[in-house]
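A.B. asks: To start, I am sharing the structure in question, which I have written as structure tokens.
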Amino acid sequence: MSIPNEAKKYRALLLDLDGTLLGLDLEKFIPAYIEALAEKFDGFLNREEFARCLFEATNIMVRNRDPHKNNEKVFYEEFCRLTKQSREQIKPIVDNFYRDVFPGLSTWGKVLPHAREVIDAAREKNVILVLATNPIFPAEAIFERLTWSGIDPENFSLVTTMENMHFCKPNPEYYLEISRLIKCPPPDCLMAGNDTVEDLSAAETGMDTFLVEDYILDRSQGKPAYTYRGSLKELALFVETLAAGE
Ligand SMILES: [Mg+2]
């Protein structure tokens, strides 16, 4: 990893969760998650049909460009349309799933000791911390996964969820919305994550990026464009070199 001689001062550090602060193999976790959720819809939809509707509604949410509809609204409009169910029928099933079943999936998550070092170093430098996880899940599911990482949610000025965001990764509008919410222009932000597409697209807004390699998801045909790259431990060391904020 290359560390510049003159450490730049970033006012905000945006951190991805899955595969970055939390050890989680999404390619294995997602099927287990979908199976557990599909089980809750037994009687409404067969499991294949459920998975198809979930993927389709999620894709429409990810591609949404309407700034007036939050991700939650886009998702449920589509999911209800596809499944021919009302929101009133679906909501209690989903709420029950996240309350009673989702915490049981914690065995998929792994605490990464260097994640705490990144957070502590950023706090030491008075850097604004944002949990910039793709806001395709409800807050409950994101805060639950955050507990699997062993990191206190209180450290973050903003945690992006399907309820508080209007765009998803890799749409650059997602990063611009964060920038507006925390009142910090993109050049003063550093986005760190493990996904060469979803996380590095922050660069399109003028943010610098740090590609975290421990659980790297390289979907850019081997030519990811990043400002820095290194392990999570190296990210912690890098944050320690940053100039302290006011
Ligand atoms: Mg990730």
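Identifiers in this document derive from the order of the structure tokens: chains are assigned A, B, ..., residues are numbered from 1 separately in each chain, and ligands are numbered from 1 in order of occurrence.
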Please check which protein, DNA or RNA residues sit within 7 Å of ligand 1, counting only C-alpha atoms and all ligand atoms, and write them as number ranges by chain.
C.D. replies: A: 16-20, 193-195
A.B. asks: Keeping only N, CA and C atoms, write those residues as a PDB file, in the first residue's frame.
C.D. replies:
ATOM      1  N   ASP A  16     -17.960   0.826   4.308  1.00  0.00           N
ATOM      2  CA  ASP A  16     -18.877  -0.243   3.942  1.00  0.00           C
ATOM      3  C   ASP A  16     -18.931  -1.237   5.121  1.00  0.00           C
ATOM      4  N   LEU A  17     -19.985  -2.028   5.189  1.00  0.00           N
ATOM      5  CA  LEU A  17     -20.109  -2.991   6.294  1.00  0.00           C
ATOM      6  C   LEU A  17     -19.710  -4.411   5.867  1.00  0.00           C
ATOM      7  N   ASP A  18     -20.525  -5.044   5.013  1.00  0.00           N
ATOM      8  CA  ASP A  18     -20.317  -6.460   4.677  1.00  0.00           C
ATOM      9  C   ASP A  18     -19.009  -6.673   3.912  1.00  0.00           C
ATOM     10  N   GLY A  19     -18.128  -7.468   4.475  1.00  0.00           N
ATOM     11  CA  GLY A  19     -16.846  -7.744   3.816  1.00  0.00           C
ATOM     12  C   GLY A  19     -15.820  -6.647   4.028  1.00  0.00           C
ATOM     13  N   THR A  20     -16.215  -5.611   4.765  1.00  0.00           N
ATOM     14  CA  THR A  20     -15.269  -4.528   5.069  1.00  0.00           C
ATOM     15  C   THR A  20     -15.061  -4.456   6.584  1.00  0.00           C
ATOM     16  N   GLY A 193     -14.137   0.453   1.105  1.00  0.00           N
ATOM     17  CA  GLY A 193     -14.969  -0.740   0.979  1.00  0.00           C
ATOM     18  C   GLY A 193     -14.267  -1.819   0.179  1.00  0.00           C
ATOM     19  N   ASN A 194     -14.899  -2.992   0.137  1.00  0.00           N
ATOM     20  CA  ASN A 194     -14.266  -4.178  -0.464  1.00  0.00           C
ATOM     21  C   ASN A 194     -14.754  -4.473  -1.882  1.00  0.00           C
ATOM     22  N   ASP A 195     -15.705  -3.663  -2.385  1.00  0.00           N
ATOM     23  CA  ASP A 195     -16.329  -3.985  -3.667  1.00  0.00           C
ATOM     24  C   ASP A 195     -15.867  -2.984  -4.732  1.00  0.00           C
TER      25      ASP A 195
END
A.B. asks: Can you tell me which residues surround Leu105 (chain A) at a distance of at most 8 Å, considering only C-alpha atoms, apart from same-chain residues fewer than 4 positions away, and format the answer as a PDB file with N, CA and C atoms, in the first residue's frame?
C.D. replies:
ATOM      1  N   TYR A  33     -29.960 -16.325   3.762  1.00  0.00           N
ATOM      2  CA  TYR A  33     -30.892 -15.273   4.168  1.00  0.00           C
ATOM      3  C   TYR A  33     -32.212 -15.397   3.390  1.00  0.00           C
ATOM      4  N   VAL A 101     -35.962 -14.096  13.463  1.00  0.00           N
ATOM      5  CA  VAL A 101     -35.166 -15.058  12.695  1.00  0.00           C
ATOM      6  C   VAL A 101     -33.789 -14.501  12.306  1.00  0.00           C
ATOM      7  N   GLY A 109     -21.565 -14.098  10.384  1.00  0.00           N
ATOM      8  CA  GLY A 109     -20.714 -12.907  10.518  1.00  0.00           C
ATOM      9  C   GLY A 109     -19.497 -13.188  11.392  1.00  0.00           C
TER      10      GLY A 109
END
A.B. asks: Write down as a PyMOL selection string the residues belonging to region 33-136 of chain A that are assigned alpha helix (DSSP H) by DSSP computed on the backbone.
C.D. replies: chain A and resi 33-40+47-63+71-83+87-96+113-124
A.B. asks: May I have the residues from that selection written out with C-alpha atoms, as a short mmCIF file (atom, residue, chain, number, x, y, z; two decimals), in the first residue's frame?
C.D. replies:
data_model
loop_
_atom_site.label_atom_id
_atom_site.label_comp_id
_atom_site.auth_asym_id
_atom_site.auth_seq_id
_atom_site.Cartn_x
_atom_site.Cartn_y
_atom_site.Cartn_z
CA TYR A 33 -30.89 -15.27 4.17
CA ILE A 34 -33.30 -15.68 1.26
CA GLU A 35 -34.17 -19.24 2.25
CA ALA A 36 -34.93 -18.16 5.82
CA LEU A 37 -37.08 -15.24 4.62
CA ALA A 38 -38.85 -17.33 1.96
CA GLU A 39 -39.87 -19.79 4.67
CA LYS A 40 -41.85 -16.98 6.33
CA ARG A 47 -39.97 -20.30 -2.53
CA GLU A 48 -38.82 -19.95 -6.12
CA GLU A 49 -41.51 -17.41 -6.84
CA PHE A 50 -40.61 -15.54 -3.66
CA ALA A 51 -36.92 -15.37 -4.62
CA ARG A 52 -37.80 -14.14 -8.11
CA CYS A 53 -40.02 -11.33 -6.76
CA LEU A 54 -37.42 -10.36 -4.15
CA PHE A 55 -34.65 -10.09 -6.75
CA GLU A 56 -36.80 -8.19 -9.18
CA ALA A 57 -38.05 -5.67 -6.60
CA THR A 58 -34.48 -5.26 -5.29
CA ASN A 59 -33.16 -4.62 -8.80
CA ILE A 60 -35.79 -1.97 -9.41
CA MET A 61 -34.89 -0.32 -6.08
CA VAL A 62 -31.19 -0.35 -6.98
CA ARG A 63 -31.86 1.26 -10.36
CA ASN A 71 -35.65 2.95 -1.19
CA GLU A 72 -38.21 1.39 1.12
CA LYS A 73 -41.11 2.85 -0.85
CA VAL A 74 -39.67 1.75 -4.20
CA PHE A 75 -39.02 -1.75 -2.93
CA TYR A 76 -42.45 -2.33 -1.38
CA GLU A 77 -44.34 -0.84 -4.31
CA GLU A 78 -42.62 -3.33 -6.59
CA PHE A 79 -42.65 -6.28 -4.22
CA CYS A 80 -46.37 -5.86 -3.50
CA ARG A 81 -47.14 -5.48 -7.19
CA LEU A 82 -45.16 -8.59 -8.12
CA THR A 83 -46.52 -10.76 -5.30
CA ARG A 87 -48.19 -3.91 2.30
CA GLU A 88 -50.43 -4.65 5.31
CA GLN A 89 -50.14 -8.37 4.62
CA ILE A 90 -46.40 -8.32 4.03
CA LYS A 91 -45.16 -5.93 6.71
CA PRO A 92 -45.93 -8.10 9.78
CA ILE A 93 -44.23 -11.09 8.13
CA VAL A 94 -41.12 -9.09 7.35
CA ASP A 95 -41.06 -7.41 10.79
CA ASN A 96 -41.41 -10.79 12.48
CA PRO A 113 -10.29 -7.08 15.05
CA HIS A 114 -8.85 -4.37 12.79
CA ALA A 115 -12.33 -2.91 12.23
CA ARG A 116 -12.27 -1.49 15.75
CA GLU A 117 -8.84 0.00 15.08
CA VAL A 118 -10.20 1.86 12.04
CA ILE A 119 -13.09 3.26 14.09
CA ASP A 120 -10.86 4.22 17.04
CA ALA A 121 -8.32 5.93 14.76
CA ALA A 122 -11.05 7.92 13.02
CA ARG A 123 -12.59 8.96 16.33
CA GLU A 124 -9.16 10.05 17.55
#
A.B. asks: Counting only C-alpha atoms, what is within 7 Å of Ala12 (chain A), bar same-chain residues fewer than 6 positions away, as a PyMOL selection string?
C.D. replies: chain A and resi 127-129+188-190
A.B. asks: Restrict the selected residues to C-alpha atoms and save them as a compact mmCIF listing (two decimals), in the first residue's frame.
C.D. replies:
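selection22.txt, written as the output of this step:
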# COMPACT_ATOMS: atom_id res chain seq x y z
CA VAL A 127 -13.39 12.37 11.51
CA ILE A 128 -17.14 12.09 10.79
CA LEU A 129 -17.98 8.39 10.46
CA ASP A 188 -13.32 15.94 1.88
CA CYS A 189 -14.67 12.36 2.07
CA LEU A 190 -12.85 9.03 1.87
A.B. asks: Excluding Thr209 (chain A) and residues on its chain fewer than 5 positions from it, collect all residues at most 7 Å away from it, counting only C-alpha atoms, and give them as a list in words.
C.D. replies: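 That gives Leu190, Met191, Ala192, Leu200, Ala203, Tyr226, Thr227 and Tyr228 of chain A.
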A.B. asks: What would the file look like if the residues just selected were written as a PDB file, in the first residue's frame with C-alpha atoms?
C.D. replies:
ATOM      1  CA  LEU A 190     -12.851   9.028   1.873  1.00  0.00           C
ATOM      2  CA  MET A 191     -14.955   5.965   0.989  1.00  0.00           C
ATOM      3  CA  ALA A 192     -13.514   2.595   2.055  1.00  0.00           C
ATOM      4  CA  LEU A 200     -15.320   2.584  -5.801  1.00  0.00           C
ATOM      5  CA  ALA A 203     -14.930   8.345  -7.022  1.00  0.00           C
ATOM      6  CA  TYR A 226      -9.012   3.475  -6.530  1.00  0.00           C
ATOM      7  CA  THR A 227      -7.034   6.136  -4.685  1.00  0.00           C
ATOM      8  CA  TYR A 228      -5.532   3.693  -2.178  1.00  0.00           C
TER       9      TYR A 228
END
A.B. asks: As a list in words, which residues of region 96-163 of chain A does DSSP assign to strand (DSSP E)?
C.D. replies: Lys110, Val111, Ile128, Leu129, Val130, Leu131, Leu158 and Val159 of chain A
A.B. asks: Next, dump the selected residues to file, keeping only C-alpha atoms, as a PDB file, in the first residue's frame.
C.D. replies:
ATOM      1  CA  LYS A 110     -17.185 -12.683  11.846  1.00  0.00           C
ATOM      2  CA  VAL A 111     -15.723  -9.945  14.028  1.00  0.00           C
ATOM      3  CA  ILE A 128     -17.138  12.093  10.791  1.00  0.00           C
ATOM      4  CA  LEU A 129     -17.978   8.390  10.464  1.00  0.00           C
ATOM      5  CA  VAL A 130     -20.658   7.092   8.116  1.00  0.00           C
ATOM      6  CA  LEU A 131     -21.741   3.476   7.852  1.00  0.00           C
ATOM      7  CA  LEU A 158     -25.127   8.391   9.744  1.00  0.00           C
ATOM      8  CA  VAL A 159     -26.054   4.786   9.009  1.00  0.00           C
TER       9      VAL A 159
END
A.B. asks: Hey, can you check how far CA of Val197 (chain A) sits from CA of Val212 (chain A)?
C.D. replies: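 Separation of CA of Val197 (chain A) and CA of Val212 (chain A): 12.5 Å.
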A.B. asks: Work out how far apart CA of Glu198 (chain A) and CA of Arg145 (chain A) are and give it in Å to one decimal.
C.D. replies: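 Pair CA of Glu198 (chain A) / CA of Arg145 (chain A) returns 18.6 Å.
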